[in-house]
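Chemist: So I've got this file, data-v6.cif, and it contains mmCIF, N, CA and C atoms:
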data_structure
#
loop_
_atom_site.label_atom_id
_atom_site.label_comp_id
_atom_site.auth_asym_id
_atom_site.auth_seq_id
_atom_site.Cartn_x
_atom_site.Cartn_y
_atom_site.Cartn_z
N MET A 1 -15.37 0.17 -59.52
CA MET A 1 -14.90 1.11 -58.54
C MET A 1 -13.63 0.59 -57.88
N PRO A 2 -12.68 1.49 -57.63
CA PRO A 2 -11.44 1.06 -57.02
C PRO A 2 -11.61 0.66 -55.56
N ASN A 3 -12.62 1.20 -54.88
CA ASN A 3 -12.85 0.91 -53.47
C ASN A 3 -13.24 -0.55 -53.26
N THR A 4 -14.08 -1.11 -54.10
CA THR A 4 -14.48 -2.50 -53.97
C THR A 4 -13.33 -3.43 -54.32
N SER A 5 -12.49 -3.01 -55.22
CA SER A 5 -11.32 -3.82 -55.57
C SER A 5 -10.37 -3.92 -54.38
N LEU A 6 -10.16 -2.81 -53.70
CA LEU A 6 -9.29 -2.81 -52.51
C LEU A 6 -9.89 -3.68 -51.42
N ARG A 7 -11.19 -3.55 -51.23
CA ARG A 7 -11.86 -4.33 -50.18
C ARG A 7 -11.77 -5.83 -50.48
N SER A 8 -11.99 -6.22 -51.71
CA SER A 8 -11.93 -7.64 -52.05
C SER A 8 -10.49 -8.16 -51.92
N THR A 9 -9.51 -7.34 -52.22
CA THR A 9 -8.11 -7.73 -52.06
C THR A 9 -7.79 -7.95 -50.58
N LEU A 10 -8.22 -7.01 -49.73
CA LEU A 10 -7.98 -7.14 -48.29
C LEU A 10 -8.71 -8.34 -47.71
N ASP A 11 -9.93 -8.59 -48.14
CA ASP A 11 -10.68 -9.76 -47.66
C ASP A 11 -9.98 -11.06 -48.03
N SER A 12 -9.49 -11.15 -49.25
CA SER A 12 -8.81 -12.39 -49.67
C SER A 12 -7.49 -12.57 -48.92
N LEU A 13 -6.75 -11.46 -48.67
CA LEU A 13 -5.51 -11.56 -47.89
C LEU A 13 -5.80 -12.01 -46.46
N ALA A 14 -6.83 -11.45 -45.85
CA ALA A 14 -7.19 -11.83 -44.48
C ALA A 14 -7.61 -13.29 -44.42
N ALA A 15 -8.38 -13.75 -45.39
CA ALA A 15 -8.82 -15.14 -45.40
C ALA A 15 -7.63 -16.08 -45.58
N ASN A 16 -6.70 -15.72 -46.46
CA ASN A 16 -5.50 -16.53 -46.67
C ASN A 16 -4.64 -16.59 -45.41
N PHE A 17 -4.50 -15.44 -44.75
CA PHE A 17 -3.71 -15.39 -43.52
C PHE A 17 -4.34 -16.27 -42.43
N ALA A 18 -5.65 -16.17 -42.25
CA ALA A 18 -6.34 -16.95 -41.23
C ALA A 18 -6.22 -18.44 -41.51
N SER A 19 -6.37 -18.83 -42.75
CA SER A 19 -6.26 -20.26 -43.06
C SER A 19 -4.84 -20.75 -42.88
N ALA A 20 -3.83 -19.91 -43.18
CA ALA A 20 -2.43 -20.30 -42.97
C ALA A 20 -2.13 -20.48 -41.49
N VAL A 21 -2.66 -19.60 -40.65
CA VAL A 21 -2.46 -19.72 -39.20
C VAL A 21 -3.13 -20.98 -38.67
N LEU A 22 -4.34 -21.26 -39.10
CA LEU A 22 -5.04 -22.47 -38.66
C LEU A 22 -4.30 -23.73 -39.10
N ASN A 23 -3.79 -23.75 -40.31
CA ASN A 23 -3.01 -24.91 -40.78
C ASN A 23 -1.76 -25.10 -39.95
N ALA A 24 -1.08 -24.01 -39.61
CA ALA A 24 0.14 -24.10 -38.80
C ALA A 24 -0.18 -24.66 -37.41
N ILE A 25 -1.29 -24.25 -36.84
CA ILE A 25 -1.68 -24.74 -35.51
C ILE A 25 -2.05 -26.21 -35.58
N ARG A 26 -2.76 -26.63 -36.62
CA ARG A 26 -3.16 -28.03 -36.76
C ARG A 26 -1.95 -28.94 -36.92
N VAL A 27 -0.93 -28.49 -37.62
CA VAL A 27 0.26 -29.30 -37.89
C VAL A 27 1.17 -29.37 -36.66
N ALA A 28 1.20 -28.30 -35.86
CA ALA A 28 2.12 -28.23 -34.73
C ALA A 28 1.69 -29.21 -33.63
N SER A 29 2.68 -29.67 -32.85
CA SER A 29 2.37 -30.57 -31.73
C SER A 29 2.01 -29.72 -30.51
N ILE A 30 1.44 -30.39 -29.51
CA ILE A 30 1.05 -29.70 -28.28
C ILE A 30 2.28 -29.13 -27.58
N ASP A 31 3.39 -29.86 -27.59
CA ASP A 31 4.62 -29.38 -26.93
C ASP A 31 5.09 -28.07 -27.55
N GLU A 32 5.01 -27.98 -28.87
CA GLU A 32 5.44 -26.75 -29.54
C GLU A 32 4.52 -25.58 -29.18
N LEU A 33 3.23 -25.86 -29.07
CA LEU A 33 2.29 -24.80 -28.73
C LEU A 33 2.49 -24.30 -27.30
N VAL A 34 2.72 -25.23 -26.36
CA VAL A 34 2.93 -24.85 -24.96
C VAL A 34 4.25 -24.12 -24.81
N ALA A 35 5.30 -24.59 -25.48
CA ALA A 35 6.61 -23.95 -25.38
C ALA A 35 6.57 -22.55 -25.96
N GLY A 36 5.78 -22.33 -26.96
CA GLY A 36 5.69 -21.02 -27.58
C GLY A 36 4.97 -20.00 -26.73
N SER A 37 4.06 -20.45 -25.83
CA SER A 37 3.29 -19.51 -25.03
C SER A 37 4.06 -19.06 -23.79
N GLU A 38 5.09 -19.78 -23.36
CA GLU A 38 5.94 -19.45 -22.19
C GLU A 38 5.10 -19.21 -20.94
N GLY A 39 4.19 -20.08 -20.65
CA GLY A 39 3.42 -20.01 -19.42
C GLY A 39 2.26 -19.03 -19.52
N ALA A 40 1.76 -18.61 -18.38
CA ALA A 40 0.60 -17.73 -18.33
C ALA A 40 1.00 -16.31 -18.74
N PRO A 41 0.10 -15.61 -19.37
CA PRO A 41 0.43 -14.23 -19.77
C PRO A 41 0.52 -13.32 -18.54
N ARG A 42 1.37 -12.30 -18.63
CA ARG A 42 1.52 -11.36 -17.53
C ARG A 42 0.36 -10.37 -17.54
N ARG A 43 0.01 -9.92 -16.34
CA ARG A 43 -1.05 -8.92 -16.23
C ARG A 43 -0.47 -7.55 -16.57
N GLY A 44 -1.30 -6.71 -17.09
CA GLY A 44 -0.89 -5.35 -17.44
C GLY A 44 -0.86 -4.48 -16.19
N PRO A 45 -0.62 -3.18 -16.37
CA PRO A 45 -0.59 -2.29 -15.21
C PRO A 45 -1.98 -2.15 -14.61
N GLY A 46 -2.01 -1.78 -13.36
CA GLY A 46 -3.29 -1.59 -12.68
C GLY A 46 -3.29 -2.26 -11.33
N ARG A 47 -4.42 -2.35 -10.74
CA ARG A 47 -4.56 -2.90 -9.40
C ARG A 47 -4.35 -4.41 -9.44
N PRO A 48 -3.57 -4.96 -8.52
CA PRO A 48 -3.35 -6.41 -8.51
C PRO A 48 -4.63 -7.17 -8.17
N ARG A 49 -4.64 -8.43 -8.51
CA ARG A 49 -5.81 -9.26 -8.27
C ARG A 49 -6.15 -9.33 -6.80
N GLY A 50 -7.43 -9.23 -6.49
CA GLY A 50 -7.90 -9.45 -5.13
C GLY A 50 -7.69 -8.27 -4.20
N SER A 51 -7.07 -7.18 -4.64
CA SER A 51 -6.82 -6.08 -3.72
C SER A 51 -8.08 -5.26 -3.46
N SER A 52 -9.08 -5.37 -4.33
CA SER A 52 -10.29 -4.58 -4.13
C SER A 52 -11.26 -5.27 -3.18
N ARG A 53 -11.09 -6.55 -3.01
CA ARG A 53 -11.99 -7.28 -2.10
C ARG A 53 -11.45 -7.20 -0.69
N ARG A 54 -12.33 -6.86 0.25
CA ARG A 54 -11.93 -6.85 1.66
C ARG A 54 -12.06 -8.25 2.21
N LYS A 55 -11.12 -8.65 2.98
CA LYS A 55 -11.17 -9.97 3.59
C LYS A 55 -12.06 -9.88 4.83
N ALA A 56 -13.04 -10.74 4.89
CA ALA A 56 -13.95 -10.75 6.02
C ALA A 56 -13.27 -11.38 7.23
N VAL A 57 -13.25 -10.64 8.33
CA VAL A 57 -12.68 -11.14 9.58
C VAL A 57 -13.80 -11.20 10.60
N PRO A 58 -14.00 -12.35 11.22
CA PRO A 58 -15.06 -12.45 12.22
C PRO A 58 -14.82 -11.46 13.35
N THR A 59 -15.89 -10.96 13.95
CA THR A 59 -15.75 -9.96 15.01
C THR A 59 -15.02 -10.52 16.21
N ALA A 60 -15.20 -11.79 16.52
CA ALA A 60 -14.52 -12.38 17.67
C ALA A 60 -13.01 -12.37 17.45
N ALA A 61 -12.57 -12.65 16.24
CA ALA A 61 -11.14 -12.66 15.95
C ALA A 61 -10.59 -11.24 16.01
N ARG A 62 -11.38 -10.26 15.59
CA ARG A 62 -10.93 -8.88 15.61
C ARG A 62 -10.75 -8.38 17.04
N GLU A 63 -11.68 -8.73 17.93
CA GLU A 63 -11.62 -8.24 19.30
C GLU A 63 -10.50 -8.90 20.09
N SER A 64 -10.19 -10.15 19.78
CA SER A 64 -9.19 -10.85 20.57
C SER A 64 -7.79 -10.72 19.99
N ALA A 65 -7.64 -9.94 18.92
CA ALA A 65 -6.32 -9.79 18.30
C ALA A 65 -5.38 -9.05 19.25
N PRO A 66 -4.12 -9.48 19.34
CA PRO A 66 -3.18 -8.79 20.23
C PRO A 66 -2.89 -7.38 19.71
N ALA A 67 -2.56 -6.49 20.60
CA ALA A 67 -2.31 -5.10 20.23
C ALA A 67 -0.84 -4.90 19.88
N ALA A 68 -0.27 -5.82 19.14
CA ALA A 68 1.13 -5.69 18.72
C ALA A 68 1.18 -5.02 17.36
N LYS A 69 2.32 -4.37 17.08
CA LYS A 69 2.48 -3.72 15.78
C LYS A 69 2.70 -4.76 14.71
N LYS A 70 2.21 -4.46 13.53
CA LYS A 70 2.48 -5.31 12.38
C LYS A 70 3.83 -4.93 11.81
N GLY A 71 4.29 -5.74 10.86
CA GLY A 71 5.52 -5.40 10.15
C GLY A 71 5.27 -4.27 9.19
N LYS A 72 6.14 -4.11 8.22
CA LYS A 72 5.98 -3.04 7.22
C LYS A 72 4.66 -3.22 6.49
N GLY A 73 4.00 -2.11 6.22
CA GLY A 73 2.76 -2.15 5.46
C GLY A 73 1.59 -2.58 6.31
N GLY A 74 0.43 -2.35 5.82
CA GLY A 74 -0.78 -2.75 6.55
C GLY A 74 -1.13 -1.74 7.62
N ARG A 75 -2.19 -2.04 8.31
CA ARG A 75 -2.64 -1.16 9.38
C ARG A 75 -1.94 -1.48 10.67
N LEU A 76 -1.84 -0.49 11.54
CA LEU A 76 -1.36 -0.73 12.89
C LEU A 76 -2.47 -1.43 13.67
N ALA A 77 -2.06 -2.23 14.61
CA ALA A 77 -3.05 -2.86 15.47
C ALA A 77 -3.65 -1.78 16.37
N ARG A 78 -4.88 -1.96 16.76
CA ARG A 78 -5.55 -0.97 17.61
C ARG A 78 -4.82 -0.89 18.95
N ARG A 79 -4.56 0.35 19.37
CA ARG A 79 -3.86 0.55 20.63
C ARG A 79 -4.85 1.00 21.70
N SER A 80 -4.65 0.51 22.88
CA SER A 80 -5.54 0.88 23.98
C SER A 80 -5.15 2.28 24.48
N PRO A 81 -6.05 2.93 25.20
CA PRO A 81 -5.72 4.24 25.78
C PRO A 81 -4.50 4.17 26.71
N ALA A 82 -4.31 3.04 27.37
CA ALA A 82 -3.16 2.88 28.26
C ALA A 82 -1.85 2.88 27.47
N GLU A 83 -1.86 2.21 26.31
CA GLU A 83 -0.66 2.18 25.47
C GLU A 83 -0.34 3.57 24.92
N ILE A 84 -1.39 4.31 24.54
CA ILE A 84 -1.19 5.67 24.03
C ILE A 84 -0.65 6.56 25.15
N ALA A 85 -1.20 6.41 26.35
CA ALA A 85 -0.73 7.21 27.49
C ALA A 85 0.72 6.88 27.83
N LYS A 86 1.09 5.62 27.72
CA LYS A 86 2.47 5.21 28.00
C LYS A 86 3.43 5.84 26.99
N THR A 87 3.05 5.80 25.69
CA THR A 87 3.88 6.41 24.65
C THR A 87 3.95 7.91 24.85
N LEU A 88 2.84 8.53 25.23
CA LEU A 88 2.83 9.97 25.49
C LEU A 88 3.76 10.30 26.65
N GLY A 89 3.77 9.46 27.68
CA GLY A 89 4.68 9.66 28.81
C GLY A 89 6.14 9.64 28.39
N THR A 90 6.51 8.70 27.52
CA THR A 90 7.90 8.65 27.05
C THR A 90 8.24 9.88 26.21
N ILE A 91 7.28 10.36 25.42
CA ILE A 91 7.52 11.56 24.61
C ILE A 91 7.70 12.79 25.52
N VAL A 92 6.85 12.92 26.55
CA VAL A 92 6.97 14.05 27.48
C VAL A 92 8.31 14.00 28.20
N THR A 93 8.73 12.81 28.62
CA THR A 93 10.02 12.67 29.28
C THR A 93 11.16 13.09 28.35
N LEU A 94 11.08 12.70 27.11
CA LEU A 94 12.09 13.08 26.12
C LEU A 94 12.11 14.58 25.92
N LEU A 95 10.92 15.20 25.81
CA LEU A 95 10.84 16.63 25.55
C LEU A 95 11.30 17.46 26.74
N LYS A 96 11.14 16.95 27.96
CA LYS A 96 11.61 17.69 29.13
C LYS A 96 13.13 17.82 29.12
N GLY A 97 13.82 16.85 28.53
CA GLY A 97 15.27 16.90 28.44
C GLY A 97 15.77 17.83 27.34
N LYS A 98 14.90 18.21 26.41
CA LYS A 98 15.29 19.07 25.29
C LYS A 98 14.66 20.45 25.49
N LYS A 99 15.46 21.45 25.77
CA LYS A 99 14.95 22.79 26.04
C LYS A 99 14.30 23.42 24.80
N ALA A 100 14.92 23.23 23.63
CA ALA A 100 14.42 23.84 22.39
C ALA A 100 13.23 23.08 21.82
N GLY A 101 12.99 21.87 22.25
CA GLY A 101 11.90 21.06 21.71
C GLY A 101 12.37 20.24 20.52
N LEU A 102 11.47 19.39 20.02
CA LEU A 102 11.78 18.51 18.89
C LEU A 102 10.62 18.50 17.90
N ARG A 103 10.94 18.26 16.65
CA ARG A 103 9.91 18.04 15.64
C ARG A 103 9.44 16.60 15.75
N SER A 104 8.29 16.30 15.15
CA SER A 104 7.73 14.95 15.25
C SER A 104 8.66 13.92 14.62
N GLU A 105 9.35 14.29 13.53
CA GLU A 105 10.29 13.36 12.89
C GLU A 105 11.42 12.99 13.84
N GLU A 106 11.91 13.98 14.57
CA GLU A 106 13.01 13.73 15.51
C GLU A 106 12.54 12.87 16.68
N ILE A 107 11.33 13.14 17.16
CA ILE A 107 10.76 12.32 18.24
C ILE A 107 10.66 10.88 17.79
N ARG A 108 10.16 10.70 16.57
CA ARG A 108 9.99 9.34 16.03
C ARG A 108 11.33 8.62 15.91
N LYS A 109 12.36 9.32 15.44
CA LYS A 109 13.67 8.70 15.27
C LYS A 109 14.27 8.30 16.62
N VAL A 110 14.20 9.20 17.59
CA VAL A 110 14.82 8.94 18.90
C VAL A 110 14.12 7.78 19.61
N LEU A 111 12.80 7.76 19.57
CA LEU A 111 12.06 6.72 20.28
C LEU A 111 11.78 5.48 19.43
N LYS A 112 12.20 5.52 18.15
CA LYS A 112 12.01 4.39 17.23
C LYS A 112 10.54 3.98 17.15
N LEU A 113 9.68 4.98 16.90
CA LEU A 113 8.25 4.73 16.77
C LEU A 113 7.88 4.61 15.30
N ASP A 114 6.75 4.01 15.03
CA ASP A 114 6.25 3.90 13.67
C ASP A 114 5.71 5.26 13.22
N VAL A 115 5.85 5.56 11.94
CA VAL A 115 5.41 6.84 11.40
C VAL A 115 3.92 7.06 11.65
N ARG A 116 3.14 6.00 11.52
CA ARG A 116 1.69 6.12 11.66
C ARG A 116 1.25 6.24 13.11
N GLU A 117 2.14 5.98 14.03
CA GLU A 117 1.80 5.97 15.45
C GLU A 117 1.91 7.36 16.09
N VAL A 118 2.81 8.18 15.58
CA VAL A 118 3.16 9.44 16.23
C VAL A 118 2.04 10.48 16.20
N PRO A 119 1.35 10.74 15.08
CA PRO A 119 0.36 11.82 15.08
C PRO A 119 -0.74 11.68 16.13
N ARG A 120 -1.22 10.49 16.33
CA ARG A 120 -2.29 10.29 17.32
C ARG A 120 -1.80 10.61 18.73
N VAL A 121 -0.59 10.17 19.04
CA VAL A 121 -0.05 10.41 20.38
C VAL A 121 0.20 11.90 20.59
N LEU A 122 0.74 12.59 19.59
CA LEU A 122 0.99 14.02 19.73
C LEU A 122 -0.32 14.80 19.86
N LYS A 123 -1.33 14.40 19.11
CA LYS A 123 -2.62 15.07 19.21
C LYS A 123 -3.22 14.88 20.60
N GLU A 124 -3.07 13.67 21.12
CA GLU A 124 -3.56 13.37 22.48
C GLU A 124 -2.83 14.22 23.51
N GLY A 125 -1.52 14.37 23.34
CA GLY A 125 -0.72 15.19 24.26
C GLY A 125 -1.12 16.66 24.21
N LEU A 126 -1.45 17.15 23.01
CA LEU A 126 -1.88 18.54 22.89
C LEU A 126 -3.24 18.77 23.53
N THR A 127 -4.16 17.81 23.39
CA THR A 127 -5.49 17.97 23.99
C THR A 127 -5.43 17.87 25.51
N LYS A 128 -4.52 17.05 26.03
CA LYS A 128 -4.37 16.91 27.49
C LYS A 128 -3.46 17.99 28.06
N LYS A 129 -2.91 18.83 27.19
CA LYS A 129 -2.00 19.92 27.56
C LYS A 129 -0.76 19.40 28.27
N ALA A 130 -0.30 18.22 27.86
CA ALA A 130 0.95 17.68 28.39
C ALA A 130 2.12 18.22 27.58
N ILE A 131 1.86 18.57 26.33
CA ILE A 131 2.88 19.16 25.47
C ILE A 131 2.25 20.35 24.75
N LYS A 132 3.10 21.23 24.22
CA LYS A 132 2.59 22.34 23.42
C LYS A 132 3.38 22.41 22.13
N SER A 133 2.78 23.03 21.13
CA SER A 133 3.41 23.08 19.82
C SER A 133 3.56 24.52 19.36
N LYS A 134 4.55 24.71 18.49
CA LYS A 134 4.77 26.02 17.90
C LYS A 134 5.22 25.79 16.46
N GLY A 135 4.60 26.48 15.50
CA GLY A 135 4.96 26.31 14.10
C GLY A 135 3.85 25.62 13.35
N GLN A 136 4.13 25.39 12.05
CA GLN A 136 3.12 24.76 11.19
C GLN A 136 3.74 23.63 10.40
N LYS A 137 2.91 22.65 10.11
CA LYS A 137 3.26 21.50 9.28
C LYS A 137 4.56 20.84 9.75
N ARG A 138 5.55 20.67 8.86
CA ARG A 138 6.79 19.98 9.25
C ARG A 138 7.65 20.80 10.18
N ALA A 139 7.42 22.10 10.23
CA ALA A 139 8.23 22.97 11.09
C ALA A 139 7.68 23.04 12.51
N THR A 140 6.66 22.28 12.82
CA THR A 140 6.09 22.29 14.17
C THR A 140 7.08 21.70 15.16
N VAL A 141 7.34 22.45 16.22
CA VAL A 141 8.24 22.01 17.28
C VAL A 141 7.42 21.76 18.53
N TYR A 142 7.59 20.61 19.14
CA TYR A 142 6.85 20.22 20.33
C TYR A 142 7.74 20.37 21.55
N THR A 143 7.19 20.97 22.62
CA THR A 143 7.91 21.11 23.87
C THR A 143 7.03 20.63 25.01
N ALA A 144 7.67 20.24 26.11
CA ALA A 144 6.92 19.80 27.29
C ALA A 144 6.40 21.01 28.01
N VAL A 145 5.23 20.86 28.64
CA VAL A 145 4.64 21.98 29.39
C VAL A 145 5.25 22.08 30.76
#
Let's see the structure in the file written out as structure tokens.
Modeler:
Amino acid sequence: MPNTSLRSTLDSLAANFASAVLNAIRVASIDELVAGSEGAPRRGPGRPRGSSRRKAVPTAARESAPAAKKGKGGRLARRSPAEIAKTLGTIVTLLKGKKAGLRSEEIRKVLKLDVREVPRVLKEGLTKKAIKSKGQKRATVYTAV
């Protein structure tokens, strides 16, 4: 049968190739083998190492952490109600000077606030009726009451 002939040919080629590779490795020096590998292999696409594991932080360290903003990336530090009220006060003061009102992006630019900080403060202002809004999504304009 021609099928068994092909299989035996492929088996002999594979065996010859494997023995040639093993002989080449046995003859080569360790320096040649290390130089050929060029260090550790690179990881493929996907989640970086260790990003799925949460780092355990003791509760005492979490409670005593200062309420300062972090740099780029990561979570914002927890803000106290007093800090939120202070930021809301500066936003209300800014909006009182603007008759037409401002969008949240404009408020953030003028006051140099973090993007993640603004929605909570604006929501707090709306619930306390210190500011009012008109429009939807990005077209929402906030004005002082």
Chemist: Given the choices A:Lys128, A:Val34, A:Thr9, A:Thr143, which gets closest to Thr93 (chain A) if the distance is worked out from only C-alpha atoms?
Modeler: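 The shortest atom-to-atom distance to Thr93 (chain A) comes from A:Thr143.
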Chemist: As an exercise, work out the distance from CA of Arg49 (chain A) to CA of Leu76 (chain A) in Å and give it to one decimal place.
Modeler: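 For CA of Arg49 (chain A) relative to CA of Leu76 (chain A), the distance reads 23.2 Å.
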Chemist: What's the separation between atom C of Gly46 (chain A) and atom N of Arg78 (chain A), in Å to one decimal place?
Modeler: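 Atom N of Arg78 (chain A) lies 28.1 Å from atom C of Gly46 (chain A).
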Chemist: Pick from A:Ala144, A:Ala82, A:Ile91, A:Ala14: nearest to Lys129 (chain A), with all atoms listed in the file counted?
Modeler: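 Once distances to Lys129 (chain A) are computed over all atoms listed in the file, the minimum belongs to A:Ala144.
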Chemist: Mind giving me the straight-line distance from atom C of Ala85 (chain A) to atom C of Glu124 (chain A) in Å, one decimal?
Modeler: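 Interatomic distance here is 9.2 Å.
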Chemist: Could you tell me which of A:Ser133, A:Thr140, A:Thr87, A:Thr127 comes closest to Arg103 (chain A) if we count only C-alpha atoms?
Modeler: A:Thr140
Chemist: Which residues come within 6 Å of Gly101 (chain A), counting only N, CA and C atoms, excluding same-chain residues fewer than 6 positions away, as a count of residues only?
Modeler: 4
Chemist: Mind writing region 122-133 of chain A to a file for me, with N, CA and C atoms, as a PDB file, in the first residue's frame?
Modeler:
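Resulting contents of out31.pdb:
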ATOM      1  N   LEU A 122     -20.109  66.300  40.980  1.00  0.00           N
ATOM      2  CA  LEU A 122     -21.272  66.851  40.285  1.00  0.00           C
ATOM      3  C   LEU A 122     -22.556  66.162  40.743  1.00  0.00           C
ATOM      4  N   LYS A 123     -22.502  64.861  40.955  1.00  0.00           N
ATOM      5  CA  LYS A 123     -23.675  64.137  41.430  1.00  0.00           C
ATOM      6  C   LYS A 123     -24.079  64.620  42.821  1.00  0.00           C
ATOM      7  N   GLU A 124     -23.074  64.848  43.656  1.00  0.00           N
ATOM      8  CA  GLU A 124     -23.333  65.363  45.009  1.00  0.00           C
ATOM      9  C   GLU A 124     -23.970  66.749  44.944  1.00  0.00           C
ATOM     10  N   GLY A 125     -23.479  67.588  44.037  1.00  0.00           N
ATOM     11  CA  GLY A 125     -24.044  68.933  43.869  1.00  0.00           C
ATOM     12  C   GLY A 125     -25.479  68.902  43.385  1.00  0.00           C
ATOM     13  N   LEU A 126     -25.796  67.946  42.503  1.00  0.00           N
ATOM     14  CA  LEU A 126     -27.166  67.823  42.015  1.00  0.00           C
ATOM     15  C   LEU A 126     -28.109  67.341  43.108  1.00  0.00           C
ATOM     16  N   THR A 127     -27.648  66.404  43.949  1.00  0.00           N
ATOM     17  CA  THR A 127     -28.513  65.901  45.024  1.00  0.00           C
ATOM     18  C   THR A 127     -28.732  66.958  46.103  1.00  0.00           C
ATOM     19  N   LYS A 128     -27.726  67.798  46.346  1.00  0.00           N
ATOM     20  CA  LYS A 128     -27.861  68.868  47.345  1.00  0.00           C
ATOM     21  C   LYS A 128     -28.517  70.109  46.758  1.00  0.00           C
ATOM     22  N   LYS A 129     -28.816  70.066  45.461  1.00  0.00           N
ATOM     23  CA  LYS A 129     -29.442  71.172  44.727  1.00  0.00           C
ATOM     24  C   LYS A 129     -28.597  72.435  44.788  1.00  0.00           C
ATOM     25  N   ALA A 130     -27.274  72.258  44.788  1.00  0.00           N
ATOM     26  CA  ALA A 130     -26.364  73.404  44.720  1.00  0.00           C
ATOM     27  C   ALA A 130     -26.133  73.781  43.259  1.00  0.00           C
ATOM     28  N   ILE A 131     -26.283  72.818  42.373  1.00  0.00           N
ATOM     29  CA  ILE A 131     -26.163  73.070  40.935  1.00  0.00           C
ATOM     30  C   ILE A 131     -27.315  72.363  40.236  1.00  0.00           C
ATOM     31  N   LYS A 132     -27.587  72.774  38.998  1.00  0.00           N
ATOM     32  CA  LYS A 132     -28.603  72.084  38.208  1.00  0.00           C
ATOM     33  C   LYS A 132     -28.025  71.781  36.837  1.00  0.00           C
ATOM     34  N   SER A 133     -28.618  70.793  36.182  1.00  0.00           N
ATOM     35  CA  SER A 133     -28.091  70.364  34.895  1.00  0.00           C
ATOM     36  C   SER A 133     -29.178  70.435  33.835  1.00  0.00           C
TER      37      SER A 133
END
